[in-house]
Amino acid sequence: MRGTSVDQGGFSDLFFAHAARLVRLARFLGDDDPEDVVQEAFCKLYAARRRVRADDDKAVAYLNRVVVNEVRSRHRRRAVARRDAHLLRTDEEHDPMSAHDDRSAVLHELALLPHRQRESIVLRYWMDLPLATIAEVMGVRVGTVKAQISRGLAALEAALTPEEDR
Amino acid sequence: MSVEDRVTRALHDEAGRVDVDVPRLHAATLARTSQRRRRRWTGPVVAAAALLLVVAGIAAGPRLLEAALPHLLAPVTTSKAGGVSAEFTCPRTVTVDRQGRRTDDSFLPGLRGGPAYAADQEGAPRYAYTSSGDRAVLRLGNADGTLASTATFRRDGIGWDLVSTTKCAGEDGSILVPEDNPLRLGQRAATPYPPDDMVGSGDGAVLVDDRSYYDVAGLVRHRTMWAAPCGASLCLASGKPTSMVTAQLRDGARPVAEDLSSMFLPPDDSVGRKNPYGFWVVYDPQRTYTGVAARNAEGHRTVDAVRIGGPDWSGQAFALLAPKRSVADVVVDTPDGPRVLPIG
């Protein structure tokens, strides 16, 4: 599909249409500085503006992919930094009072999932993306996405269901 | 509830709790892209210049460093179509702030939708936006780049709070753009809006006036007034085809001085914007009056009305523009002698 390239106007339109959603995505994927991730994503889009069309779904797909990759690589860098600093990793703090709140409990357990499971679940249940698109964003096959979602949901169900109900 | 439903609900609930200051993020991202562009093209040059600056700074003392500092600490800036002057060139400005310096509350822009959106809302041909730390300034400009207004914002949590606005005004704080002969009716530099969409097909339409004024955001606009016969009445329209005020003067038994001041210029008195002139029209369907004039409190004729009529008109009208405070009544010259009309 032909259209206008991501020039200054198109860039700003895309930004105002998608930046808030992408900040939330980066946050759900567990980044400490989601706004920085989104700035980075749009900077990369700007650098690639001659290849990406502003009125094309590909621009949005490109942004989704960059955010997912950026969060993933930051996680990796932080993991390396922790290892090199000989720091012991502890589980994230969890307020026991908020466990009574279902939203908090779900989000807490989601944060404890392996990263790929978390990515696939957020992309599926928050962004409502089809499996094929999720696979494209994550850079894996559709079968892998299905497996990640399935394992992630199973882990969440186990964690969120009281022992007496299992 | 299934775990899928719980996850979906939790994520959507949480998304609603996350507020994002998109305009600020947008400005910061633009700054980051421009920094990268500069770095790519001028990286080696900047490095050499920085080294030179350090060496020269040691030699020349703090003055040189002070001169260079503003460029190194440049604020985030965005603009549209050629930029906007930083200084006002209009004869006066009106400032509104929280201290209640003025009561004109007709221009209260917000940054919630971003600076471009705020500029579009006011119909500004140009804008410039600068944010630095907890302060942001939006400047709106006319098509030629002259500054029309500034709005200053202060960061308030995740958004921006409007602190003050300053906008262009005429010499006496009015909405009129200054000119040599403001009491003259007729066309000026701007091309009048066409009459077709204002007073019908345009047949018999006569241009009464076209002049510039400052709108609520201090931007220079112009409006056109047309008059045309409509049946036994006289129809007038003022403004532009998409936004106008109309009036219909009917054939009456006695002459009447219709006060049309509120359609001559935008009727903004209610928000504290001053229109210093009064505008009256006397309709003469039988074409028997020989003149109309304004009189002051002493009974002296001060301003003569302009006769309006066209070749297709059966009647005529007289338009009178005068400073409001100088007019006590209007006198009409009829075949039976002068008749004094109250101005209401």
# chains A, B, ... in the order shown; residues from 1 in each chain; ligands from 1

$ closest_atom_pairs --of "chain A" --to "chain B" --cutoff "8 Å" --atoms "only C-alpha atoms" --output "JSON lines"
{"residue": "A:Ser12", "atom": "CA", "partner": "B:His26", "partner_atom": "CA", "distance": 7.5}
{"residue": "A:Phe15", "atom": "CA", "partner": "B:His26", "partner_atom": "CA", "distance": 6.9}
{"residue": "A:Phe16", "atom": "CA", "partner": "B:Val22", "partner_atom": "CA", "distance": 6.6}
{"residue": "A:Ala19", "atom": "CA", "partner": "B:Val22", "partner_atom": "CA", "distance": 6.7}
{"residue": "A:Ala20", "atom": "CA", "partner": "B:Val20", "partner_atom": "CA", "distance": 5.6}
{"residue": "A:Val23", "atom": "CA", "partner": "B:Val20", "partner_atom": "CA", "distance": 7.5}
{"residue": "A:Arg24", "atom": "CA", "partner": "B:Ala15", "partner_atom": "CA", "distance": 6.2}
{"residue": "A:Phe28", "atom": "CA", "partner": "B:Leu11", "partner_atom": "CA", "distance": 7.9}
{"residue": "A:Glu35", "atom": "CA", "partner": "B:Leu25", "partner_atom": "CA", "distance": 7.4}
{"residue": "A:Gln39", "atom": "CA", "partner": "B:Thr29", "partner_atom": "CA", "distance": 5.3}
{"residue": "A:Glu40", "atom": "CA", "partner": "B:Thr29", "partner_atom": "CA", "distance": 7.9}
{"residue": "A:Phe42", "atom": "CA", "partner": "B:Thr29", "partner_atom": "CA", "distance": 7.2}
{"residue": "A:Cys43", "atom": "CA", "partner": "B:Thr33", "partner_atom": "CA", "distance": 5.7}
{"residue": "A:Tyr46", "atom": "CA", "partner": "B:Thr33", "partner_atom": "CA", "distance": 7.3}
{"residue": "A:Asp102", "atom": "CA", "partner": "B:Ala10", "partner_atom": "CA", "distance": 7.5}
{"residue": "A:Arg103", "atom": "CA", "partner": "B:Ala10", "partner_atom": "CA", "distance": 4.5}
{"residue": "A:Ser104", "atom": "CA", "partner": "B:Ala10", "partner_atom": "CA", "distance": 7.6}
{"residue": "A:Val106", "atom": "CA", "partner": "B:Val7", "partner_atom": "CA", "distance": 6.3}
{"residue": "A:Leu107", "atom": "CA", "partner": "B:Ala10", "partner_atom": "CA", "distance": 6.9}
{"residue": "A:Val122", "atom": "CA", "partner": "B:Leu11", "partner_atom": "CA", "distance": 7.8}
{"residue": "A:Tyr125", "atom": "CA", "partner": "B:Thr8", "partner_atom": "CA", "distance": 5.1}
{"residue": "A:Trp126", "atom": "CA", "partner": "B:Leu11", "partner_atom": "CA", "distance": 5.9}
{"residue": "A:Leu153", "atom": "CA", "partner": "B:Val3", "partner_atom": "CA", "distance": 6.9}
{"residue": "A:Leu156", "atom": "CA", "partner": "B:Val3", "partner_atom": "CA", "distance": 7.2}
{"residue": "A:Glu157", "atom": "CA", "partner": "B:Val3", "partner_atom": "CA", "distance": 5.9}

$ residues_around --residues "region 140-144 of chain B" --least-positions-apart "3" --cutoff "8 Å" --atoms "only C-alpha atoms" --output "ChimeraX atom specification"
/B:83-85,119,124-128,147-150,217,219-220

$ write_last_selection --atoms "C-alpha atoms" --output "PDB file, in the first residue's frame"
ATOM      1  CA  GLY B  83       8.518  29.403  13.463  1.00  0.00           C
ATOM      2  CA  VAL B  84       7.160  32.338  15.402  1.00  0.00           C
ATOM      3  CA  SER B  85       8.865  35.538  16.482  1.00  0.00           C
ATOM      4  CA  ALA B 119      -2.561  25.615  18.036  1.00  0.00           C
ATOM      5  CA  ALA B 124      -3.121  29.457  14.452  1.00  0.00           C
ATOM      6  CA  PRO B 125      -1.172  29.265  11.167  1.00  0.00           C
ATOM      7  CA  ARG B 126       2.053  28.805  13.146  1.00  0.00           C
ATOM      8  CA  TYR B 127       3.141  27.838  16.601  1.00  0.00           C
ATOM      9  CA  ALA B 128       6.312  27.289  18.593  1.00  0.00           C
ATOM     10  CA  LEU B 147       3.834  36.684  17.522  1.00  0.00           C
ATOM     11  CA  ALA B 148       0.118  36.708  18.405  1.00  0.00           C
ATOM     12  CA  SER B 149       0.110  35.264  21.917  1.00  0.00           C
ATOM     13  CA  THR B 150       2.043  33.310  24.476  1.00  0.00           C
ATOM     14  CA  ALA B 217      -5.913  34.288  20.777  1.00  0.00           C
ATOM     15  CA  LEU B 219      -4.234  36.315  15.987  1.00  0.00           C
ATOM     16  CA  VAL B 220      -4.942  38.840  13.230  1.00  0.00           C
TER      17      VAL B 220
END

$ residues_around --residues "region 110-117 of chain A" --least-positions-apart "4" --cutoff "7 Å" --atoms "only C-alpha atoms" --output "list in words"
Gly30, Val106, Ile121, Gln148, Ile149, Gly152 and Leu156 of chain A

$ write_last_selection --atoms "N, CA and C atoms" --output "PDB file, in the first residue's frame"
ATOM      1  N   GLY A  30       7.376  -5.170  32.010  1.00  0.00           N
ATOM      2  CA  GLY A  30       8.231  -5.164  33.198  1.00  0.00           C
ATOM      3  C   GLY A  30       9.409  -4.221  33.149  1.00  0.00           C
ATOM      4  N   VAL A 106      -3.036 -10.692  40.070  1.00  0.00           N
ATOM      5  CA  VAL A 106      -2.776 -11.148  38.704  1.00  0.00           C
ATOM      6  C   VAL A 106      -1.509 -10.481  38.165  1.00  0.00           C
ATOM      7  N   ILE A 121       1.485 -13.284  26.724  1.00  0.00           N
ATOM      8  CA  ILE A 121       0.192 -13.067  27.404  1.00  0.00           C
ATOM      9  C   ILE A 121      -0.241 -11.600  27.324  1.00  0.00           C
ATOM     10  N   GLN A 148       3.833 -20.753  24.637  1.00  0.00           N
ATOM     11  CA  GLN A 148       4.166 -19.787  25.692  1.00  0.00           C
ATOM     12  C   GLN A 148       2.896 -19.324  26.418  1.00  0.00           C
ATOM     13  N   ILE A 149       1.861 -19.059  25.644  1.00  0.00           N
ATOM     14  CA  ILE A 149       0.599 -18.616  26.252  1.00  0.00           C
ATOM     15  C   ILE A 149       0.035 -19.730  27.138  1.00  0.00           C
ATOM     16  N   GLY A 152       2.105 -20.080  30.254  1.00  0.00           N
ATOM     17  CA  GLY A 152       1.926 -18.896  31.100  1.00  0.00           C
ATOM     18  C   GLY A 152       0.591 -18.931  31.832  1.00  0.00           C
ATOM     19  N   LEU A 156      -0.133 -19.115  35.809  1.00  0.00           N
ATOM     20  CA  LEU A 156      -0.965 -18.110  36.491  1.00  0.00           C
ATOM     21  C   LEU A 156      -2.112 -18.781  37.242  1.00  0.00           C
TER      22      LEU A 156
END

$ select_by_dssp --residues "region 80-231 of chain B" --states "strand (DSSP E)" --output "ChimeraX atom specification"
/B:80,92-97,126-132,135-141,147-156,159-169,206-214,220-230

$ residues_around --residues "region 173-189 of chain B" --least-positions-apart "5" --cutoff "8 Å" --atoms "only C-alpha atoms" --output "list in words"
Pro91, Arg92, Thr93, Val94, Leu207, Val208, Asp209, Asp210, Arg211, Ser212, Tyr213, Tyr214, Asp215, Val220, Arg273, Lys274, Asn275, Pro276, Val306, Leu321 and Ala322 of chain B

$ residues_around --residues "Ala135 (chain A)" --least-positions-apart "5" --cutoff "10 Å" --atoms "only C-alpha atoms" --output "number ranges by chain"
A: 120, 123, 129-130, 140-146

$ write_last_selection --atoms "C-alpha atoms" --output "short mmCIF file (atom, residue, chain, number, x, y, z; two decimals), in the first residue's frame"
data_model
loop_
_atom_site.label_atom_id
_atom_site.label_comp_id
_atom_site.auth_asym_id
_atom_site.auth_seq_id
_atom_site.Cartn_x
_atom_site.Cartn_y
_atom_site.Cartn_z
CA SER A 120 2.91 -13.46 24.75
CA LEU A 123 0.28 -9.11 23.62
CA LEU A 129 -3.27 -9.24 18.82
CA PRO A 130 -3.80 -12.35 16.67
CA VAL A 140 9.13 -16.61 16.90
CA ARG A 141 6.84 -19.16 15.25
CA VAL A 142 3.09 -19.27 15.89
CA GLY A 143 3.46 -22.66 17.57
CA THR A 144 5.91 -21.17 20.02
CA VAL A 145 3.48 -18.39 20.87
CA LYS A 146 0.72 -20.92 21.54
#

$ atom_distance --atom1 "CA of Asp134 (chain B)" --atom2 "CA of Ala151 (chain B)"
14.1 Å

$ residues_around --residues "Ser164 (chain B)" --least-positions-apart "2" --cutoff "9 Å" --atoms "only C-alpha atoms" --output "compact mmCIF listing (two decimals) with N, CA and C atoms, in the first residue's frame"
# COMPACT_ATOMS: atom_id res chain seq x y z
N THR B 95 -2.51 40.73 29.36
CA THR B 95 -2.07 39.56 30.11
C THR B 95 -3.16 39.10 31.07
N VAL B 96 -3.35 37.81 31.11
CA VAL B 96 -4.30 37.22 32.05
C VAL B 96 -3.54 36.21 32.90
N ASP B 97 -3.67 36.31 34.19
CA ASP B 97 -3.00 35.33 35.05
C ASP B 97 -3.87 35.03 36.26
N ARG B 98 -3.36 34.18 37.10
CA ARG B 98 -4.15 33.73 38.24
C ARG B 98 -4.32 34.81 39.30
N LEU B 108 -7.84 30.48 26.91
CA LEU B 108 -7.31 29.62 27.96
C LEU B 108 -6.91 28.27 27.33
N THR B 150 1.25 34.32 23.77
CA THR B 150 2.04 33.31 24.48
C THR B 150 1.19 32.75 25.61
N ALA B 151 1.37 31.47 25.87
CA ALA B 151 0.71 30.83 27.01
C ALA B 151 1.78 30.10 27.80
N THR B 152 1.87 30.39 29.07
CA THR B 152 2.90 29.77 29.90
C THR B 152 2.26 28.73 30.80
N PHE B 153 2.88 27.57 30.86
CA PHE B 153 2.36 26.45 31.64
C PHE B 153 3.39 26.02 32.68
N LEU B 162 -2.08 25.80 33.17
CA LEU B 162 -1.92 27.12 32.55
C LEU B 162 -1.66 28.15 33.64
N THR B 166 -0.60 35.92 27.41
CA THR B 166 -0.41 37.29 26.97
C THR B 166 -0.72 37.32 25.48

$ closest_residue --among "B:Arg154, B:Arg295, B:Arg223, B:Lys324" --to "Val245 (chain B)" --atoms "only C-alpha atoms"
B:Arg223

$ residues_around --residues "region 67-77 of chain A" --least-positions-apart "4" --cutoff "10 Å" --atoms "only C-alpha atoms" --output "number ranges by chain"
A: 22-23, 25-27, 29-34, 36-42, 61-63, 81-83, 115-116, 119, 123, 137-139

$ atom_distance --atom1 "CA of Gly200 (chain B)" --atom2 "CA of Met244 (chain B)"
13.2 Å
